Every structure is written in structure tokens, then in C-alpha cells.
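Here is the structure we will look at, set down as C-alpha cells.
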Amino acid sequence: MTALIEPDAEEWRTYDEFAAGIDTYRLPNVDLSGTVLDIALDGGTAVHLAFEGDRVTWNATGDLDEPGATDPYDAVAVRDDVVFVNLPLESREREALTLVYSTATHRATLVRSQISAEATEGTPQVGQTFWAGTVGEEEPSGEVPGPSRDLIGKRNVYRYSPQHLYEHVYISSQRYAWQCLQGVQRGHGDMDLSTVWKFADGLYLFCFREFRIAVASVWLHDLGYQLMTTGIFLGLNGAGESEHSRAGGHIYPLGSVSYPDEQPV
């Protein structure tokens, strides 16, 4: 058994310290070489992506306004028909794009994570923007991805590596609470801003933005089939530089509560 680390209450760990090794139990990457995607997002934004090797050439109109760029990517087949793709952008400083799409329903979601130039007290320094969309020209099926209250009241434990064990409690449509049970953050925890979107049956996009340090994350929880989660981080490391990290692991549900009267926001 791994020895437990007792926390130093005065030492709040930096993003790069707690993220090291947090992808140990992540699902394996897949190669999208030769894949071309045309994504139509709500609000008129369109994104074109062409994958080759470990790079993707892309352009976008509308809110993303990109005439053309080439960046690295990583992709995970979360299910046979659902792919999680992250672009840890080199063409844009302090920014990442995370795409989830289905080859069966032709539905998609896109999350843009951006680190603000300056920290503002009471506001997470890494912000996120969300879009629902479709892939290709075929008629989409199933429900449109969007905000969900399905996780409110649920309590799960997440095992990312032999040294990373965290508990999440989903408090409302806007916040979740976490604590580290094992790892360099052991004994530390907080309540941070969060967003949950339902992508498909049992598949939930969970995103959080921390207050105390400049970091945000995008996860796709599979609570229906595999009880696995696939995610990424974007934040500032201990040197104050932007850094991208992969993450993932196993989900262990602990239970849930329901509210008899007034409901959380």
C-alpha cells in the first residue's frame, strides 16, 4: 500500500505538481490521420479540421475566427462512436480547444479554455466557452447536447493513478466540491465553478474552473458503460507559464442524495 502523505495546510500545490502522472489510467490515444471534420456550431461558428499524424490543420469562422493554423492534438475513443479530441494550441497562447463528437448521431460539443492575462480576485483566471454543434452534412439524431442537472447530488471517487485519488460532490448546476484523498494535495479541497453538459446517454461533459490557482479542466465522464473518465487540464504552472496536461481514470460512484423541497440552482 502506498504511504499516505500528510498535507501541509500552508502549502497549496501548483497545477504542474498535482497534474504529474494524472493520466496514468487514461484510455489509450487513437490516431485520426486522414480524418476530416466539418463542425457547425450554434451561433454560426464553423470549424474545419484535417488530421495527419500527430498534427491537425484547422480553420474557423465566427467566434473562433481562425484563418488557418496547424497544432498538435490528442484523441481518445471513449466509445465506439464517440471521440474526445483536444487541441493544446501552439498557434494561440494560453488556449485549448476540446471537441467531443459522435460518428453515429453526428452531434458535437466544443469547449474553448482560455487563461486571462491577469488574475482577478473572486474570478477563476481560466475561463471556458461552450458550444453545441453537428458534424458533417448528415442529419443528426438524438437529443442536442446541452446543460444538465443529472449529476446534482451525486458523489464519486476518481482514481487517476496509484498516487491520485479524488472525491467529487456535485453541489449544483454551477459548483462542485472536491477533496484529495491520496496524492500531493492530500487533505486539500475546495468548492469551484463547474459546468455539466449531457452529451448522450450516460456521457457527461464535466468542466471546472478553480479559484485558488489558475487551472481549468474538461472531462468526459462515461457513467453508463465503462465508468471511465477522459480529460485535459489547461493552467499556469509554478513558473507562471501556460501548460497543457492529459488526464483520465476510473470512476467509483459512492451514492447520491435527492432534495425533497427547494432545489439547488
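So you can find residues: chains in the C-alpha cells are A, B, ... in the order shown, residues in each start at 1, and ligands are numbered from 1 in order.
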Segment 245-258 of chain A environment, 9 Å, only C-alpha atoms, sequence neighbours closer than 4 positions dropped, as a PDB file with N, CA and C atoms, in the first residue's frame:
ATOM      1  N   ASP A  16       1.141  22.099 -11.956  1.00  0.00           N
ATOM      2  CA  ASP A  16       2.034  21.087 -12.514  1.00  0.00           C
ATOM      3  C   ASP A  16       2.416  20.032 -11.478  1.00  0.00           C
ATOM      4  N   ALA A  19      -0.721  17.659 -11.288  1.00  0.00           N
ATOM      5  CA  ALA A  19      -1.096  17.047 -12.566  1.00  0.00           C
ATOM      6  C   ALA A  19      -0.100  15.987 -13.020  1.00  0.00           C
ATOM      7  N   ALA A  20       1.091  15.947 -12.461  1.00  0.00           N
ATOM      8  CA  ALA A  20       2.096  14.973 -12.882  1.00  0.00           C
ATOM      9  C   ALA A  20       1.600  13.549 -12.645  1.00  0.00           C
ATOM     10  N   GLY A  21       1.450  12.776 -13.718  1.00  0.00           N
ATOM     11  CA  GLY A  21       1.012  11.386 -13.610  1.00  0.00           C
ATOM     12  C   GLY A  21      -0.475  11.185 -13.554  1.00  0.00           C
ATOM     13  N   ILE A  22      -1.255  12.253 -13.703  1.00  0.00           N
ATOM     14  CA  ILE A  22      -2.708  12.136 -13.549  1.00  0.00           C
ATOM     15  C   ILE A  22      -3.368  11.502 -14.775  1.00  0.00           C
ATOM     16  N   ASP A  23      -2.557  11.141 -15.781  1.00  0.00           N
ATOM     17  CA  ASP A  23      -3.077  10.447 -16.962  1.00  0.00           C
ATOM     18  C   ASP A  23      -2.709   8.965 -16.969  1.00  0.00           C
ATOM     19  N   THR A  24      -2.217   8.430 -15.843  1.00  0.00           N
ATOM     20  CA  THR A  24      -1.729   7.046 -15.801  1.00  0.00           C
ATOM     21  C   THR A  24      -2.797   6.047 -16.239  1.00  0.00           C
ATOM     22  N   TYR A  25      -4.033   6.219 -15.783  1.00  0.00           N
ATOM     23  CA  TYR A  25      -5.103   5.279 -16.107  1.00  0.00           C
ATOM     24  C   TYR A  25      -6.009   5.794 -17.227  1.00  0.00           C
ATOM     25  N   ARG A  26      -5.530   6.765 -17.981  1.00  0.00           N
ATOM     26  CA  ARG A  26      -6.311   7.310 -19.099  1.00  0.00           C
ATOM     27  C   ARG A  26      -6.469   6.252 -20.197  1.00  0.00           C
ATOM     28  N   LEU A  27      -7.599   6.276 -20.873  1.00  0.00           N
ATOM     29  CA  LEU A  27      -7.809   5.397 -22.021  1.00  0.00           C
ATOM     30  C   LEU A  27      -6.765   5.711 -23.090  1.00  0.00           C
ATOM     31  N   ASP A  74      -4.570  15.388 -29.375  1.00  0.00           N
ATOM     32  CA  ASP A  74      -4.644  14.012 -28.899  1.00  0.00           C
ATOM     33  C   ASP A  74      -6.108  13.608 -28.909  1.00  0.00           C
ATOM     34  N   ASN A  86      -8.560  16.764 -28.075  1.00  0.00           N
ATOM     35  CA  ASN A  86      -8.080  18.021 -27.501  1.00  0.00           C
ATOM     36  C   ASN A  86      -6.988  18.616 -28.377  1.00  0.00           C
ATOM     37  N   PRO A  88      -4.131  21.144 -27.721  1.00  0.00           N
ATOM     38  CA  PRO A  88      -3.343  22.006 -26.838  1.00  0.00           C
ATOM     39  C   PRO A  88      -2.613  23.025 -27.709  1.00  0.00           C
ATOM     40  N   LEU A 151     -26.183  15.354 -12.584  1.00  0.00           N
ATOM     41  CA  LEU A 151     -25.149  14.978 -11.612  1.00  0.00           C
ATOM     42  C   LEU A 151     -25.366  15.598 -10.236  1.00  0.00           C
ATOM     43  N   ILE A 152     -26.304  16.529 -10.113  1.00  0.00           N
ATOM     44  CA  ILE A 152     -26.511  17.202  -8.829  1.00  0.00           C
ATOM     45  C   ILE A 152     -26.863  16.172  -7.748  1.00  0.00           C
ATOM     46  N   GLY A 153     -26.139  16.229  -6.644  1.00  0.00           N
ATOM     47  CA  GLY A 153     -26.362  15.294  -5.542  1.00  0.00           C
ATOM     48  C   GLY A 153     -25.527  14.036  -5.606  1.00  0.00           C
ATOM     49  N   LYS A 154     -24.830  13.799  -6.710  1.00  0.00           N
ATOM     50  CA  LYS A 154     -24.018  12.589  -6.831  1.00  0.00           C
ATOM     51  C   LYS A 154     -22.649  12.797  -6.184  1.00  0.00           C
ATOM     52  N   ARG A 155     -22.091  11.692  -5.718  1.00  0.00           N
ATOM     53  CA  ARG A 155     -20.797  11.696  -5.026  1.00  0.00           C
ATOM     54  C   ARG A 155     -19.971  10.546  -5.584  1.00  0.00           C
ATOM     55  N   ASN A 156     -18.831  10.879  -6.217  1.00  0.00           N
ATOM     56  CA  ASN A 156     -17.985   9.879  -6.867  1.00  0.00           C
ATOM     57  C   ASN A 156     -16.543  10.012  -6.395  1.00  0.00           C
ATOM     58  N   VAL A 157     -15.820   8.895  -6.478  1.00  0.00           N
ATOM     59  CA  VAL A 157     -14.374   8.896  -6.269  1.00  0.00           C
ATOM     60  C   VAL A 157     -13.712   8.602  -7.617  1.00  0.00           C
ATOM     61  N   TYR A 158     -12.602   9.303  -7.888  1.00  0.00           N
ATOM     62  CA  TYR A 158     -11.892   9.187  -9.159  1.00  0.00           C
ATOM     63  C   TYR A 158     -10.453   8.743  -8.904  1.00  0.00           C
ATOM     64  N   ARG A 159     -10.076   7.612  -9.502  1.00  0.00           N
ATOM     65  CA  ARG A 159      -8.730   7.077  -9.368  1.00  0.00           C
ATOM     66  C   ARG A 159      -8.006   7.277 -10.710  1.00  0.00           C
ATOM     67  N   TYR A 160      -7.020   8.211 -10.713  1.00  0.00           N
ATOM     68  CA  TYR A 160      -6.294   8.549 -11.932  1.00  0.00           C
ATOM     69  C   TYR A 160      -4.951   7.836 -12.032  1.00  0.00           C
ATOM     70  N   SER A 161      -4.397   7.419 -10.902  1.00  0.00           N
ATOM     71  CA  SER A 161      -3.118   6.712 -10.861  1.00  0.00           C
ATOM     72  C   SER A 161      -2.988   6.092  -9.479  1.00  0.00           C
ATOM     73  N   VAL A 169     -18.157  15.952  -5.177  1.00  0.00           N
ATOM     74  CA  VAL A 169     -19.571  16.030  -4.810  1.00  0.00           C
ATOM     75  C   VAL A 169     -20.177  17.145  -5.660  1.00  0.00           C
ATOM     76  N   TRP A 219     -13.591  17.296 -18.861  1.00  0.00           N
ATOM     77  CA  TRP A 219     -13.669  15.839 -18.713  1.00  0.00           C
ATOM     78  C   TRP A 219     -14.893  15.317 -19.451  1.00  0.00           C
ATOM     79  N   HIS A 221     -17.156  12.191 -18.677  1.00  0.00           N
ATOM     80  CA  HIS A 221     -17.446  11.074 -17.772  1.00  0.00           C
ATOM     81  C   HIS A 221     -18.338  10.066 -18.484  1.00  0.00           C
ATOM     82  N   ASP A 222     -17.912   8.810 -18.537  1.00  0.00           N
ATOM     83  CA  ASP A 222     -18.777   7.739 -19.017  1.00  0.00           C
ATOM     84  C   ASP A 222     -19.358   7.040 -17.795  1.00  0.00           C
ATOM     85  N   LEU A 223     -20.553   7.465 -17.405  1.00  0.00           N
ATOM     86  CA  LEU A 223     -21.229   6.897 -16.240  1.00  0.00           C
ATOM     87  C   LEU A 223     -22.201   5.790 -16.621  1.00  0.00           C
ATOM     88  N   GLN A 226     -18.501   2.201 -19.097  1.00  0.00           N
ATOM     89  CA  GLN A 226     -17.189   1.797 -18.608  1.00  0.00           C
ATOM     90  C   GLN A 226     -16.832   2.340 -17.228  1.00  0.00           C
ATOM     91  N   LEU A 227     -17.560   3.352 -16.755  1.00  0.00           N
ATOM     92  CA  LEU A 227     -17.177   4.060 -15.530  1.00  0.00           C
ATOM     93  C   LEU A 227     -15.721   4.529 -15.629  1.00  0.00           C
ATOM     94  N   MET A 228     -15.429   5.198 -16.749  1.00  0.00           N
ATOM     95  CA  MET A 228     -14.131   5.798 -17.005  1.00  0.00           C
ATOM     96  C   MET A 228     -14.326   7.271 -17.342  1.00  0.00           C
ATOM     97  N   THR A 229     -13.288   8.075 -17.099  1.00  0.00           N
ATOM     98  CA  THR A 229     -13.336   9.476 -17.466  1.00  0.00           C
ATOM     99  C   THR A 229     -12.080   9.844 -18.235  1.00  0.00           C
ATOM    100  N   THR A 230     -12.231  10.724 -19.229  1.00  0.00           N
ATOM    101  CA  THR A 230     -11.127  11.191 -20.054  1.00  0.00           C
ATOM    102  C   THR A 230     -11.108  12.707 -19.993  1.00  0.00           C
ATOM    103  N   GLY A 231      -9.928  13.293 -19.722  1.00  0.00           N
ATOM    104  CA  GLY A 231      -9.909  14.736 -19.545  1.00  0.00           C
ATOM    105  C   GLY A 231      -8.601  15.397 -19.908  1.00  0.00           C
ATOM    106  N   ILE A 232      -8.611  16.737 -19.780  1.00  0.00           N
ATOM    107  CA  ILE A 232      -7.421  17.559 -20.018  1.00  0.00           C
ATOM    108  C   ILE A 232      -7.428  18.722 -19.022  1.00  0.00           C
ATOM    109  N   PHE A 233      -6.252  19.289 -18.789  1.00  0.00           N
ATOM    110  CA  PHE A 233      -6.105  20.496 -17.988  1.00  0.00           C
ATOM    111  C   PHE A 233      -5.425  21.582 -18.820  1.00  0.00           C
ATOM    112  N   LEU A 234      -5.772  22.825 -18.526  1.00  0.00           N
ATOM    113  CA  LEU A 234      -5.025  23.984 -19.003  1.00  0.00           C
ATOM    114  C   LEU A 234      -4.845  24.916 -17.819  1.00  0.00           C
ATOM    115  N   GLY A 235      -3.600  25.333 -17.567  1.00  0.00           N
ATOM    116  CA  GLY A 235      -3.377  26.220 -16.439  1.00  0.00           C
ATOM    117  C   GLY A 235      -1.991  26.813 -16.448  1.00  0.00           C
ATOM    118  N   GLN A 263     -34.792  23.123  -4.593  1.00  0.00           N
ATOM    119  CA  GLN A 263     -33.713  22.505  -5.335  1.00  0.00           C
ATOM    120  C   GLN A 263     -32.527  23.461  -5.471  1.00  0.00           C
TER     121      GLN A 263
END
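All residues of protein, DNA or RNA that reach within 6 Å of segment 143-149 of chain A, judged by only C-alpha atoms and not counting those fewer than 5 positions away in the chain, are A:Ala132, A:Ser173, A:Val196, A:Trp197, A:Lys198, A:Phe199.
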Using only C-alpha atoms, please write the residues we just selected to a file, as an mmCIF file, in the first residue's frame.
data_model
loop_
_atom_site.group_PDB
_atom_site.id
_atom_site.type_symbol
_atom_site.label_atom_id
_atom_site.label_comp_id
_atom_site.auth_asym_id
_atom_site.auth_seq_id
_atom_site.Cartn_x
_atom_site.Cartn_y
_atom_site.Cartn_z
ATOM 1 C CA ALA A 132 -23.218 22.510 -29.229
ATOM 2 C CA SER A 173 -25.618 23.420 -11.685
ATOM 3 C CA VAL A 196 -22.095 19.890 -16.773
ATOM 4 C CA TRP A 197 -23.470 19.085 -20.213
ATOM 5 C CA LYS A 198 -25.144 15.828 -21.198
ATOM 6 C CA PHE A 199 -23.687 14.563 -24.485
#
- Within 10 Å of segment 98-112 of chain A, counting only C-alpha atoms, which residues qualify if same-chain residues fewer than 2 places away don't, as an MDAnalysis selection string? chainID A and resid 37 39:42 47 64 73:88 95:96 114 127:146 197:200 205 207 217:220 231:232
Surrounding residues of Thr35 of chain A excluding itself and chain neighbours under 6 positions, 9 Å, only C-alpha atoms, as a PyMOL selection string: chain A and resi 49-52
Store the residues picked out above, limited to N, CA and C atoms, as a JSON list (two decimals), in the first residue's frame.
[["chain", "number", "residue", "atom", "x", "y", "z"],
["A", 49, "LEU", "N", -11.42, 20.75, -39.67],
["A", 49, "LEU", "CA", -10.21, 20.13, -39.13],
["A", 49, "LEU", "C", -9.77, 18.99, -40.04],
["A", 50, "ALA", "N", -8.47, 18.94, -40.36],
["A", 50, "ALA", "CA", -7.89, 17.86, -41.16],
["A", 50, "ALA", "C", -6.71, 17.29, -40.37],
["A", 51, "PHE", "N", -6.80, 16.01, -40.00],
["A", 51, "PHE", "CA", -5.81, 15.38, -39.14],
["A", 51, "PHE", "C", -4.79, 14.60, -39.96],
["A", 52, "GLU", "N", -3.54, 14.73, -39.61],
["A", 52, "GLU", "CA", -2.47, 13.96, -40.25],
["A", 52, "GLU", "C", -1.34, 13.76, -39.26]]
Would you work out the distance separating atom CA of Thr61 of chain A from atom CA of Ala117 of chain A, expressed in Å to one decimal?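 According to the coordinates, atom CA of Thr61 of chain A and atom CA of Ala117 of chain A are separated by 23.7 Å.
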List every residue of segment 130-232 of chain A that DSSP, applied to the backbone, labels as strand (DSSP E), and write the result as a VMD selection string. chain A and resid 130 to 135 146 to 147 154 to 161 164 to 170 175 to 182 189 to 200 203 to 209 215 to 222 228 to 232
